[in-house]
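Below you'll find the structure, written out as structure tokens, and then a few comments.
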Amino acid sequence: MLVHKACPEVEETIKWSMPFFVYRGEIVANMAAFKAHCSFGIWGREIVAAMRKDGLKVKGGMGSLGKITSVKDLPKDAALLGYLRRATALVNDGAKTFPKRTTVAKAEAEIPVELAAALKRNKTASKMFAEFSSGKKREYADWIAEAKQEA
């Protein structure tokens, strides 16, 4: 109810089998329920830092509020509304609440001599191998390199 009050345009969805609140394509908050506790999290490093600065402590568990075993574990409604409004304001300003992972280009697979020779002898296998992704080529090359023995 507070999430919708803070941002009427927020959309509810399910991600990773949990309820999430998404605003303009960015995750703003989520919650989860367990046997003896629940969790609630407001996304965004700036918001979490502000919550910690205000003295909100995480008591284990996930989410920016940690394990919630009682309503007493929650901040006052006014404080939660403030954090949620700040989170949506950050999204309006172009902030990303869930930073995208940067990928590092991996080197091409080093093809063992034995594998290269076998591929040279078999045109069908060579054609198939050429169509593999870089990761799949590395997987095969590593498998062959690890399997080869002097004997």
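Naming works like this for the structure tokens: A, B, ... for the chains as they're shown, residue 1 at the start of each chain, ligands 1 onward in shown order.
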
Open item on the list: I need the residues in segment 58-145 of chain A that are alpha helix (DSSP H) according to DSSP; give them as a PyMOL selection string.
Closed with: chain A and resi 77-92+113-121+123-131+134-145

Task: Gly41 of chain A environment, 8 Å, only C-alpha atoms, sequence neighbours closer than 3 positions dropped, as a list in words - done: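 Selected residues are Ala29, Asn30, Met31, Met62, Gly63, Ser64, Leu65 and Gly66 of chain A.
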
Put those residues in a file: all heavy atoms, as a PDB file, in the first residue's frame.
ATOM      1  N   ALA A  29      11.386  -1.663  -5.401  1.00  0.00           N
ATOM      2  CA  ALA A  29      11.286  -2.383  -4.125  1.00  0.00           C
ATOM      3  C   ALA A  29      10.875  -3.832  -4.389  1.00  0.00           C
ATOM      4  O   ALA A  29      10.403  -4.173  -5.472  1.00  0.00           O
ATOM      5  CB  ALA A  29      10.275  -1.704  -3.211  1.00  0.00           C
ATOM      6  N   ASN A  30      11.083  -4.651  -3.362  1.00  0.00           N
ATOM      7  CA  ASN A  30      10.610  -6.038  -3.419  1.00  0.00           C
ATOM      8  C   ASN A  30      10.319  -6.522  -2.019  1.00  0.00           C
ATOM      9  O   ASN A  30      10.715  -5.899  -1.037  1.00  0.00           O
ATOM     10  CB  ASN A  30      11.630  -6.948  -4.100  1.00  0.00           C
ATOM     11  CG  ASN A  30      12.795  -7.292  -3.210  1.00  0.00           C
ATOM     12  OD1 ASN A  30      13.566  -6.414  -2.835  1.00  0.00           O
ATOM     13  ND2 ASN A  30      12.931  -8.553  -2.864  1.00  0.00           N
ATOM     14  N   MET A  31       9.602  -7.632  -1.970  1.00  0.00           N
ATOM     15  CA  MET A  31       9.331  -8.258  -0.678  1.00  0.00           C
ATOM     16  C   MET A  31       9.324  -9.766  -0.854  1.00  0.00           C
ATOM     17  O   MET A  31       9.210 -10.270  -1.967  1.00  0.00           O
ATOM     18  CB  MET A  31       8.026  -7.749  -0.084  1.00  0.00           C
ATOM     19  CG  MET A  31       6.810  -7.906  -0.935  1.00  0.00           C
ATOM     20  SD  MET A  31       5.415  -7.103  -0.121  1.00  0.00           S
ATOM     21  CE  MET A  31       4.288  -7.025  -1.484  1.00  0.00           C
ATOM     22  N   MET A  62      17.624 -11.001   3.726  1.00  0.00           N
ATOM     23  CA  MET A  62      17.797 -10.199   2.524  1.00  0.00           C
ATOM     24  C   MET A  62      16.951  -8.937   2.598  1.00  0.00           C
ATOM     25  O   MET A  62      16.174  -8.754   3.517  1.00  0.00           O
ATOM     26  CB  MET A  62      17.434 -11.010   1.296  1.00  0.00           C
ATOM     27  CG  MET A  62      16.002 -11.466   1.244  1.00  0.00           C
ATOM     28  SD  MET A  62      15.783 -12.549  -0.153  1.00  0.00           S
ATOM     29  CE  MET A  62      14.143 -12.114  -0.616  1.00  0.00           C
ATOM     30  N   GLY A  63      17.120  -8.095   1.617  1.00  0.00           N
ATOM     31  CA  GLY A  63      16.368  -6.852   1.586  1.00  0.00           C
ATOM     32  C   GLY A  63      17.050  -5.791   2.422  1.00  0.00           C
ATOM     33  O   GLY A  63      17.815  -6.087   3.337  1.00  0.00           O
ATOM     34  N   SER A  64      16.779  -4.540   2.113  1.00  0.00           N
ATOM     35  CA  SER A  64      17.450  -3.450   2.821  1.00  0.00           C
ATOM     36  C   SER A  64      16.986  -3.332   4.263  1.00  0.00           C
ATOM     37  O   SER A  64      17.630  -2.651   5.059  1.00  0.00           O
ATOM     38  CB  SER A  64      17.249  -2.129   2.078  1.00  0.00           C
ATOM     39  OG  SER A  64      15.887  -1.902   1.809  1.00  0.00           O
ATOM     40  N   LEU A  65      15.903  -4.005   4.634  1.00  0.00           N
ATOM     41  CA  LEU A  65      15.452  -3.988   6.021  1.00  0.00           C
ATOM     42  C   LEU A  65      15.747  -5.296   6.756  1.00  0.00           C
ATOM     43  O   LEU A  65      15.420  -5.433   7.923  1.00  0.00           O
ATOM     44  CB  LEU A  65      13.953  -3.674   6.093  1.00  0.00           C
ATOM     45  CG  LEU A  65      13.555  -2.288   5.581  1.00  0.00           C
ATOM     46  CD1 LEU A  65      12.051  -2.126   5.621  1.00  0.00           C
ATOM     47  CD2 LEU A  65      14.234  -1.194   6.364  1.00  0.00           C
ATOM     48  N   GLY A  66      16.342  -6.251   6.065  1.00  0.00           N
ATOM     49  CA  GLY A  66      16.710  -7.514   6.708  1.00  0.00           C
ATOM     50  C   GLY A  66      15.497  -8.338   7.111  1.00  0.00           C
ATOM     51  O   GLY A  66      14.411  -8.194   6.565  1.00  0.00           O
TER      52      GLY A  66
END

Open item on the list: Residues within 7 Å of Val10 of chain A, please, as a ChimeraX atom specification. Count only C-alpha atoms; anything in the same chain fewer than 5 positions from it doesn't count.
Closed with: /A:4,21-23

May I have the residues from that selection written out with C-alpha atoms, as a CSV table (one decimal), in the first residue's frame?
chain,number,residue,atom,x,y,z
A,4,HIS,CA,1.6,2.6,-4.4
A,21,PHE,CA,7.7,-3.1,-7.7
A,22,VAL,CA,9.0,-1.6,-11.0
A,23,TYR,CA,8.9,2.0,-12.0

Task: Proximity to Ala50 of chain A - best of A:Ala36, A:Ala79, A:Ile111, A:Val71, only C-alpha atoms - done: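 Under the stated criterion, the closest residue is A:Ala79.
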
TODO: Compile the contact shell of Arg138 of chain A as a PyMOL selection string: residues with an atom at most 10 Å away, counting only C-alpha atoms, same-chain residues fewer than 2 positions apart removed.
DONE: chain A and resi 106-111+132-136+140-144

TODO: May I have all residues of segment 2-147 of chain A that DSSP, computed from the backbone, assigns to strand (DSSP E or B), given as a ChimeraX atom specification?
DONE: /A:11-15,18-23,26-33,38-42,59,66,68

Open item on the list: Could you tell me how far atom CA of Leu84 of chain A sits from atom CA of Ile47 of chain A, in Å to one decimal place?
Closed with: 8.4 Å

Open item on the list: Calculated over only C-alpha atoms, which of the candidates A:Lys76, A:Lys15, A:Ala87, A:Val28 has the smallest distance to Ala49 of chain A?
Closed with: A:Ala87

Task: Selected residue, from A:Lys57, A:Lys127, A:Arg52, A:Lys67, that lies nearest to Cys38 of chain A when counting only C-alpha atoms - done: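 The shortest atom-to-atom distance to Cys38 of chain A comes from A:Lys67.
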
Task: Residue nearest Gly61 of chain A - candidates A:Glu26, A:Ile42, A:Ala32, A:Pro75, atoms counted: only C-alpha atoms - done: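 Using only C-alpha atoms, Gly61 of chain A sits closest to A:Ala32.
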
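Residue nearest Glu9 of chain A within the list A:Tyr83, A:Val48, A:Gly25, A:Ser39: A:Gly25 [criterion: smallest interatomic distance, only C-alpha atoms].
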
TODO: Choose the residue, out of A:Glu46, A:Asp77, A:Glu114, A:Asp54, that has the smallest atom-to-atom separation from Lys5 of chain A; count only C-alpha atoms.
DONE: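 Using only C-alpha atoms, the shortest distance to Lys5 of chain A belongs to A:Asp77.
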